[in-house]
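A.B. asks: Please find one structure pasted underneath; my questions will follow.
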Amino acid sequence: MILNKASVRIPLVRVFSLALSIILVLFLLLSGLTFSKLLNFESVLKSFSNNAMPKIVLSNKLYSEAARLLEYTSLLSTSYSDAAKRLATTQLSEQVAKIRTLSSSNAKDEFLDTQLDVISMELFEFSELIQERSHINVTLTANEELVHKLYIKAKSFKSNNNSSWEADLSQSIITLDRALTSKRLRETRSLFMLIETQLNKLYSMPFSLGNSVARQKLTIELKNLVFRNNGIEELVIANLKLMGRVIGRENFLHHLINDYTQLLELNAKVIETDTSIKILKSVKEIQKQINIVGIIFINAIIILFLISLFMQRKILKRLLLVNQMVQNRIHGKNHKVIINGNDEITDLAETFEAFTKTIEQQKQELKHMSMSDSLTGIANRRAMDLRLQHDIELSVRQKSSVALLLMDIDFFKLYNDNYGHAAGDECLKLVANILTGVMKRKGDFVARYGGEEFVCVLPGTNADNARDLSTDIINKLAQADIPHEYSDVAKHITFSIGIAISNAEQVLMPETIIKQADKALYSAKNSGKNCFKLYSNAIESN
């Protein structure tokens with residue numbers, strides 16, 4: 001960039017002030033000529049604003065408020081606590097009252113008022129259904145807590161021979177959980193029949209086992225909680241039936257409210273159409289007067305064009321040069337741009353030149369930050385995508401292999417739930433350090449794929465080497481012995497690993513190799529976890 005500063009500085013403020021002064025004079029001249037013509041138009045606007053506009057605004061506002069009933073109805077249908085239900089009911093009542101008030105201000109329409117009464121009555125009955133559902137959920141929650149206490153009590157029994165009983169009890173609790181979360185009535189009834197069979201089996205176990213009397217007593221208590229009057233079975237079935245009624249009532253309400261809002265919209269359109277006809281007549285009369293003003297306006301345009309031409313030469317053209325300088329910087333070009341003058345534009349160009357140097361430094365820092373995972377400090381998903389693309393393209397040129405290891409921590413959700421998210425974050429950091437330590441070669445790449453998933457990109461690595469490295473990773477995790485008491489496969493943190501290979505015989509695109517590694521990981525999960533699987537046609541068919 002080259003700046004040629006003139007000896008005499010001409011501030012842009014002075015240039016703009018002169019141009020604006022000329023424009024202001026032209027504007028005042030046109031205003032004086034058109035003022036008398038606008039008086040007639042003013043009377044039309046007053047008529048519109050005093051008569052038609054309030055009706056249109058009121059109709060549209062009534063339509064808008066009526067449409068909000070749908071939002072509050074949905075809010076009520078999703079209310080599962082007394083507080084949420086009361087809040088939603090209060091909002092609905094206030095909204096209906098507000099609509100009634102607005103409707104009384106509008107033209108009287110008995111049909112609309114009757115339909116609003118029907119909506120109000122249906123909302124009351126819908127609220128009663130929600131209240132009934134809330135009471136059932138409260139009672140059901142209390143019974144679930146009692147079941148949980150009984151299960152904790154059962155775990156406290158001390159006996160060398162009660163492992164079978166505890167396993168059967170756990171199976172009964174699992175079946176009960178399935179029944180509580182089931183959404184189908186027939187499936188729910190079948191599950192409760194299975195629970196009854198399982199509890200009868202528990203009660204009938206031999207008395208030679210330790211704590212037999214206490215176990216039988218606990219089994220009876222559990223059975224009573226599930227099958228007594230107003231017990232869990234009765235409450236769950238009643239809740240499922242009630243949910244069907246709630247959905248049906250909600251759909252019916254939505255149709256009523258939609259019909260009501262459509263009628264309001266139709267009324268608003270009738271008013272708008274009538275008003276539009278009246279305005280059209282006035283516009284035709286005013287159009288004749290506008291033609292006279294148009295002739296004067298054309299002369300003013302010519303003068304403004306001359307001013308614009310001057311502004312273009314002195315300001316806009318030089319601003320385009322500044323823009324060219326900016327674009328050159330953006331695209332990495334270093335072409336020289338000559339900017340003449342001694343005013344604010346040249347000052348702006350100098351400031352931009354200094355600013356771009358600062359931006360370049362910050363850009364490099366941000367680029368490094370965008371490629372790193374903020375928690376573990378290793379590369380992130382974006383950096384992995386770039387690296388995988390690069391290594392696959394390089395393997396094509398070198399006719400070599402690239403291995404991708406997709407790793408997932410087993411039962412990590414249970415780890416977070418029981419040890420806390422802070423401990424989970426520390427665990428992810430430890431795992432990242434372990435993976436970094438396992439990678440011996442300079443070209444090996446480790447990244448956090450997302451959540452508890454990690455990925456390794458291994459250029460020049462065939463299937464056998466990938467298996468060896470996966471075994472090494474699993475062993476290193478076992479040696480690290482990061483405690484995980486809630487895992488079903490080990491008492492420490494473990495990995496399930498999916499392996500996919502791109503080689504000269506079968507070059508895989510990044511999306512394909514990731515999908516294959518993910519399927520292999522899924523196979524490893526299904527094979528018992530704490531293991532690795534290499535992608536194959538057998539895995540694909542499964």
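In the structure tokens, chains take the letters A, B, ... in the order shown, each chain's residues start at 1, and ligands count up from 1 in the order shown.
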List as a PyMOL selection string the protein and nucleic acid residues near Gln506 of chain A, meaning an atom at most 12 Å away when only C-alpha atoms are counted, but skip any in the same chain fewer than 6 places from it.

C.D. replies: chain A and resi 392+395-396+399-402+500+512-513

A.B. asks: Could you write those residues out with C-alpha atoms, as a CSV table (one decimal), in the first residue's frame?

C.D. replies:
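The new file selection-v9.csv reads:
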chain,number,residue,atom,x,y,z
A,392,ILE,CA,-5.6,-41.0,3.7
A,395,SER,CA,-1.5,-43.2,2.0
A,396,VAL,CA,-3.0,-43.2,-1.6
A,399,LYS,CA,0.3,-47.0,-1.4
A,400,SER,CA,0.3,-47.6,2.3
A,401,SER,CA,-2.3,-48.3,5.0
A,402,VAL,CA,-4.1,-46.1,7.5
A,500,ALA,CA,-11.1,-49.9,10.5
A,512,THR,CA,-16.5,-44.5,5.3
A,513,ILE,CA,-13.6,-45.4,7.6

A.B. asks: Give me the residues near Pro459 of chain A as number ranges by chain, where near means some atom within 12 Å (using only C-alpha atoms) and where sequence neighbours in that chain fewer than 4 positions away do not count.

C.D. replies: A: 387-396, 398-405, 439, 441-446, 463, 465-466, 501-503

A.B. asks: Give me a file of those residues, with N, CA and C atoms, as a short mmCIF file (atom, residue, chain, number, x, y, z; two decimals), in the first residue's frame.

C.D. replies:
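Dumped to out_27.cif:
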data_model
loop_
_atom_site.label_atom_id
_atom_site.label_comp_id
_atom_site.auth_asym_id
_atom_site.auth_seq_id
_atom_site.Cartn_x
_atom_site.Cartn_y
_atom_site.Cartn_z
N ARG A 387 -6.72 -34.24 10.00
CA ARG A 387 -5.58 -35.17 9.99
C ARG A 387 -5.93 -36.47 9.25
N LEU A 388 -7.15 -36.97 9.47
CA LEU A 388 -7.57 -38.21 8.79
C LEU A 388 -7.59 -38.01 7.28
N GLN A 389 -8.14 -36.88 6.82
CA GLN A 389 -8.17 -36.59 5.39
C GLN A 389 -6.75 -36.55 4.82
N HIS A 390 -5.85 -35.90 5.55
CA HIS A 390 -4.45 -35.78 5.10
C HIS A 390 -3.78 -37.15 5.03
N ASP A 391 -3.94 -37.98 6.08
CA ASP A 391 -3.25 -39.27 6.12
C ASP A 391 -3.78 -40.23 5.06
N ILE A 392 -5.09 -40.16 4.77
CA ILE A 392 -5.64 -41.03 3.73
C ILE A 392 -5.11 -40.61 2.35
N GLU A 393 -5.10 -39.31 2.09
CA GLU A 393 -4.56 -38.84 0.82
C GLU A 393 -3.08 -39.22 0.68
N LEU A 394 -2.32 -39.12 1.79
CA LEU A 394 -0.91 -39.48 1.76
C LEU A 394 -0.74 -40.98 1.52
N SER A 395 -1.62 -41.79 2.13
CA SER A 395 -1.51 -43.25 1.96
C SER A 395 -1.80 -43.65 0.51
N VAL A 396 -2.68 -42.90 -0.17
CA VAL A 396 -2.95 -43.19 -1.58
C VAL A 396 -1.71 -42.97 -2.42
N GLN A 398 1.42 -42.98 -1.34
CA GLN A 398 2.49 -43.88 -0.92
C GLN A 398 2.09 -45.36 -1.00
N LYS A 399 0.80 -45.62 -1.35
CA LYS A 399 0.27 -46.99 -1.42
C LYS A 399 0.50 -47.72 -0.11
N SER A 400 0.15 -47.06 1.00
CA SER A 400 0.31 -47.63 2.33
C SER A 400 -1.06 -47.71 3.01
N SER A 401 -1.05 -48.13 4.26
CA SER A 401 -2.29 -48.33 5.02
C SER A 401 -2.46 -47.22 6.06
N VAL A 402 -3.72 -46.98 6.41
CA VAL A 402 -4.07 -46.09 7.52
C VAL A 402 -5.07 -46.83 8.40
N ALA A 403 -4.78 -46.89 9.69
CA ALA A 403 -5.70 -47.54 10.65
C ALA A 403 -6.39 -46.48 11.48
N LEU A 404 -7.67 -46.71 11.77
CA LEU A 404 -8.45 -45.81 12.61
C LEU A 404 -9.00 -46.60 13.79
N LEU A 405 -8.67 -46.16 14.99
CA LEU A 405 -9.17 -46.78 16.22
C LEU A 405 -10.19 -45.84 16.85
N MET A 439 1.00 -43.99 22.22
CA MET A 439 1.42 -43.65 20.86
C MET A 439 2.94 -43.41 20.83
N ARG A 441 5.01 -43.62 17.91
CA ARG A 441 5.55 -43.03 16.69
C ARG A 441 5.17 -41.55 16.58
N LYS A 442 6.00 -40.81 15.91
CA LYS A 442 5.75 -39.37 15.75
C LYS A 442 4.50 -39.11 14.92
N GLY A 443 4.22 -39.96 13.96
CA GLY A 443 3.07 -39.74 13.07
C GLY A 443 1.74 -40.18 13.65
N ASP A 444 1.74 -40.94 14.78
CA ASP A 444 0.49 -41.38 15.38
C ASP A 444 -0.26 -40.19 15.98
N PHE A 445 -1.56 -40.22 15.88
CA PHE A 445 -2.39 -39.05 16.24
C PHE A 445 -3.54 -39.47 17.15
N VAL A 446 -3.70 -38.74 18.27
CA VAL A 446 -4.76 -39.02 19.25
C VAL A 446 -5.64 -37.78 19.36
N ALA A 463 -3.56 -54.19 9.76
CA ALA A 463 -4.52 -54.74 10.73
C ALA A 463 -3.82 -55.37 11.93
N ASN A 465 -0.83 -54.70 13.23
CA ASN A 465 -0.28 -53.66 14.11
C ASN A 465 -1.39 -52.94 14.88
N ALA A 466 -2.55 -52.73 14.22
CA ALA A 466 -3.67 -52.07 14.90
C ALA A 466 -4.18 -52.93 16.04
N ILE A 501 -9.58 -50.22 8.62
CA ILE A 501 -8.32 -50.07 7.89
C ILE A 501 -8.60 -49.58 6.46
N SER A 502 -7.84 -48.58 6.04
CA SER A 502 -7.83 -48.15 4.64
C SER A 502 -6.47 -48.52 4.06
N ASN A 503 -6.46 -49.28 2.96
CA ASN A 503 -5.19 -49.69 2.37
C ASN A 503 -5.22 -49.49 0.86
#

A.B. asks: Quick check, in Å to one decimal: how far apart do atom CA of Ile473 of chain A and atom CA of Leu375 of chain A lie?

C.D. replies: 20.7 Å

A.B. asks: List the neighbours of Leu194 of chain A out to 10 Å using only C-alpha atoms; skip same-chain residues closer than 4 positions along the sequence, and give me the result as a list in words.

C.D. replies: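 Selected residues are Ser172, Thr175, Leu176, Ala179, Thr188, Arg189, Ser190, Gln198, Leu199 and Asn200 of chain A.
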
A.B. asks: Could you please write out, as a PyMOL selection string, every residue of segment 264-510 of chain A that DSSP assigns to helix (DSSP H, G or I)?

C.D. replies: chain A and resi 264-330+344-370+381-398+412-419+421-438+463-480+510

A.B. asks: Can I get the selected residues back with C-alpha atoms, as a short mmCIF file (atom, residue, chain, number, x, y, z; two decimals), in the first residue's frame?

C.D. replies:
data_model
loop_
_atom_site.label_atom_id
_atom_site.label_comp_id
_atom_site.auth_asym_id
_atom_site.auth_seq_id
_atom_site.Cartn_x
_atom_site.Cartn_y
_atom_site.Cartn_z
CA LEU A 264 -61.11 -14.43 14.13
CA GLU A 265 -58.68 -14.35 11.20
CA LEU A 266 -61.61 -14.30 8.76
CA ASN A 267 -63.20 -11.34 10.59
CA ALA A 268 -59.90 -9.45 10.48
CA LYS A 269 -59.60 -10.05 6.72
CA VAL A 270 -63.13 -8.75 6.12
CA ILE A 271 -62.28 -5.50 7.93
CA GLU A 272 -58.97 -5.18 6.06
CA THR A 273 -60.67 -5.71 2.68
CA ASP A 274 -63.30 -3.05 3.35
CA THR A 275 -60.63 -0.60 4.47
CA SER A 276 -58.46 -1.35 1.44
CA ILE A 277 -61.31 -0.46 -0.94
CA LYS A 278 -61.80 2.92 0.72
CA ILE A 279 -58.09 3.68 0.67
CA LEU A 280 -57.84 2.74 -3.01
CA LYS A 281 -60.37 5.40 -3.94
CA SER A 282 -58.41 8.04 -2.04
CA VAL A 283 -55.14 6.94 -3.64
CA LYS A 284 -56.50 7.49 -7.13
CA GLU A 285 -57.40 11.07 -6.27
CA ILE A 286 -54.01 11.75 -4.74
CA GLN A 287 -52.21 10.20 -7.72
CA LYS A 288 -53.19 13.13 -9.88
CA GLN A 289 -51.56 15.53 -7.44
CA ILE A 290 -48.42 13.39 -7.23
CA ASN A 291 -47.85 13.74 -10.98
CA ILE A 292 -47.44 17.48 -10.56
CA VAL A 293 -44.93 17.04 -7.75
CA GLY A 294 -43.10 14.43 -9.84
CA ILE A 295 -42.03 16.95 -12.43
CA ILE A 296 -40.45 19.10 -9.76
CA PHE A 297 -38.87 16.03 -8.18
CA ILE A 298 -37.12 15.04 -11.44
CA ASN A 299 -35.31 18.35 -11.51
CA ALA A 300 -34.16 17.78 -7.94
CA ILE A 301 -32.87 14.32 -8.89
CA ILE A 302 -30.66 15.83 -11.57
CA ILE A 303 -29.05 18.13 -9.02
CA LEU A 304 -28.57 15.25 -6.58
CA PHE A 305 -26.96 13.21 -9.35
CA LEU A 306 -24.35 15.89 -9.85
CA ILE A 307 -23.66 15.93 -6.11
CA SER A 308 -23.38 12.12 -6.12
CA LEU A 309 -20.92 12.23 -8.99
CA PHE A 310 -18.74 14.58 -7.02
CA MET A 311 -18.97 12.40 -3.90
CA GLN A 312 -18.09 9.34 -5.93
CA ARG A 313 -14.90 10.84 -7.26
CA LYS A 314 -13.71 12.35 -4.01
CA ILE A 315 -14.88 9.73 -1.49
CA LEU A 316 -16.39 6.52 -2.86
CA LYS A 317 -13.63 5.83 -5.36
CA ARG A 318 -11.02 6.20 -2.65
CA LEU A 319 -13.08 4.02 -0.30
CA LEU A 320 -13.08 1.34 -3.02
CA LEU A 321 -9.31 1.52 -3.01
CA VAL A 322 -9.37 0.98 0.74
CA ASN A 323 -11.71 -1.98 0.19
CA GLN A 324 -9.31 -3.35 -2.44
CA MET A 325 -6.53 -3.08 0.10
CA VAL A 326 -8.69 -5.00 2.61
CA GLN A 327 -9.55 -7.70 0.05
CA ASN A 328 -5.89 -8.11 -0.84
CA ARG A 329 -5.15 -8.70 2.81
CA ILE A 330 -8.03 -11.17 3.14
CA GLU A 344 -9.83 10.65 7.25
CA ILE A 345 -9.74 7.99 4.51
CA THR A 346 -5.96 7.98 4.42
CA ASP A 347 -5.97 7.86 8.22
CA LEU A 348 -8.31 4.85 8.02
CA ALA A 349 -5.97 3.08 5.60
CA GLU A 350 -3.01 3.60 7.93
CA THR A 351 -5.00 2.34 10.90
CA PHE A 352 -6.13 -0.75 8.98
CA GLU A 353 -2.56 -1.58 8.03
CA ALA A 354 -1.56 -1.57 11.70
CA PHE A 355 -4.68 -3.48 12.67
CA THR A 356 -4.09 -6.29 10.16
CA LYS A 357 -0.69 -6.98 11.65
CA THR A 358 -2.29 -7.46 15.07
CA ILE A 359 -5.04 -9.66 13.59
CA GLU A 360 -2.50 -11.96 11.93
CA GLN A 361 -0.87 -12.64 15.30
CA GLN A 362 -4.22 -13.32 16.97
CA LYS A 363 -5.33 -15.52 14.05
CA GLN A 364 -2.44 -17.89 14.60
CA GLU A 365 -3.26 -18.14 18.30
CA LEU A 366 -6.97 -18.81 17.64
CA LYS A 367 -6.15 -21.46 15.03
CA HIS A 368 -4.17 -23.40 17.64
CA MET A 369 -6.98 -23.07 20.20
CA SER A 370 -9.65 -24.23 17.71
CA ARG A 381 -12.80 -33.58 16.44
CA ARG A 382 -12.07 -30.85 13.92
CA ALA A 383 -8.32 -31.48 14.05
CA MET A 384 -8.97 -35.22 13.71
CA ASP A 385 -11.06 -34.70 10.56
CA LEU A 386 -8.27 -32.69 8.94
CA ARG A 387 -5.58 -35.17 9.99
CA LEU A 388 -7.57 -38.21 8.79
CA GLN A 389 -8.17 -36.59 5.39
CA HIS A 390 -4.45 -35.78 5.10
CA ASP A 391 -3.25 -39.27 6.12
CA ILE A 392 -5.64 -41.03 3.73
CA GLU A 393 -4.56 -38.84 0.82
CA LEU A 394 -0.91 -39.48 1.76
CA SER A 395 -1.51 -43.25 1.96
CA VAL A 396 -2.95 -43.19 -1.58
CA ARG A 397 0.20 -41.57 -2.92
CA GLN A 398 2.49 -43.88 -0.92
CA PHE A 412 -19.04 -43.93 31.53
CA LYS A 413 -22.53 -42.59 32.22
CA LEU A 414 -22.62 -44.70 35.39
CA TYR A 415 -19.20 -43.30 36.27
CA ASN A 416 -20.49 -39.72 35.98
CA ASP A 417 -23.72 -40.51 37.81
CA ASN A 418 -21.96 -42.11 40.79
CA TYR A 419 -18.62 -40.29 41.03
CA HIS A 421 -18.99 -34.93 36.62
CA ALA A 422 -15.86 -33.40 38.13
CA ALA A 423 -14.42 -36.88 38.66
CA GLY A 424 -15.58 -37.77 35.14
CA ASP A 425 -13.58 -34.85 33.72
CA GLU A 426 -10.48 -35.97 35.64
CA CYS A 427 -11.01 -39.49 34.32
CA LEU A 428 -11.11 -38.20 30.73
CA LYS A 429 -7.85 -36.33 31.31
CA LEU A 430 -6.16 -39.49 32.68
CA VAL A 431 -7.39 -41.56 29.74
CA ALA A 432 -6.11 -38.92 27.29
CA ASN A 433 -2.68 -39.02 28.97
CA ILE A 434 -2.62 -42.83 28.79
CA LEU A 435 -3.48 -42.80 25.08
CA THR A 436 -0.83 -40.17 24.40
CA GLY A 437 1.74 -42.33 26.20
CA VAL A 438 0.82 -45.43 24.18
CA ALA A 463 -4.52 -54.74 10.73
CA ASP A 464 -2.03 -56.77 12.81
CA ASN A 465 -0.28 -53.66 14.11
CA ALA A 466 -3.67 -52.07 14.90
CA ARG A 467 -4.65 -55.17 16.90
CA ASP A 468 -1.37 -55.05 18.83
CA LEU A 469 -1.81 -51.39 19.64
CA SER A 470 -5.44 -51.97 20.74
CA THR A 471 -4.27 -54.74 23.07
CA ASP A 472 -1.60 -52.41 24.44
CA ILE A 473 -4.21 -49.69 25.08
CA ILE A 474 -6.52 -52.09 26.93
CA ASN A 475 -3.57 -53.37 29.02
CA LYS A 476 -2.40 -49.84 29.83
CA LEU A 477 -5.88 -48.95 31.07
CA ALA A 478 -5.92 -52.05 33.24
CA GLN A 479 -2.49 -51.14 34.65
CA ALA A 480 -3.64 -47.60 35.37
CA PRO A 510 -12.90 -40.40 5.87
#

A.B. asks: Which is closer to Ile232 of chain A than all the others in A:Thr494, A:Thr461, A:Ser374, A:Asn143, using only C-alpha atoms?

C.D. replies: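 The shortest atom-to-atom distance to Ile232 of chain A comes from A:Asn143.
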
A.B. asks: Given the choices A:Met243, A:Lys217, A:Thr141, A:Thr101, which gets closest to Phe126 of chain A if the distance is worked out from only C-alpha atoms?

C.D. replies: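 With only C-alpha atoms as the atom set, the closest residue is A:Met243.
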
A.B. asks: Report, in Å with one decimal, the straight-line distance from atom CA of Arg215 of chain A to atom CA of Lys201 of chain A.

C.D. replies: 11.9 Å

A.B. asks: Under the rule that only C-alpha atoms are counted, which of A:Ile514, A:Ile499, A:Val118, A:Leu508 is the nearest residue to Phe532 of chain A?

C.D. replies: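 Residue with the minimum atom-to-atom distance to Phe532 of chain A: A:Ile499.
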
A.B. asks: Considering only C-alpha atoms, state which residue in the set A:Ser164, A:Gln516, A:Ala447, A:Ile409 is at the smallest distance from Cys531 of chain A.

C.D. replies: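 That would be A:Ile409, the residue with the smallest distance to Cys531 of chain A.
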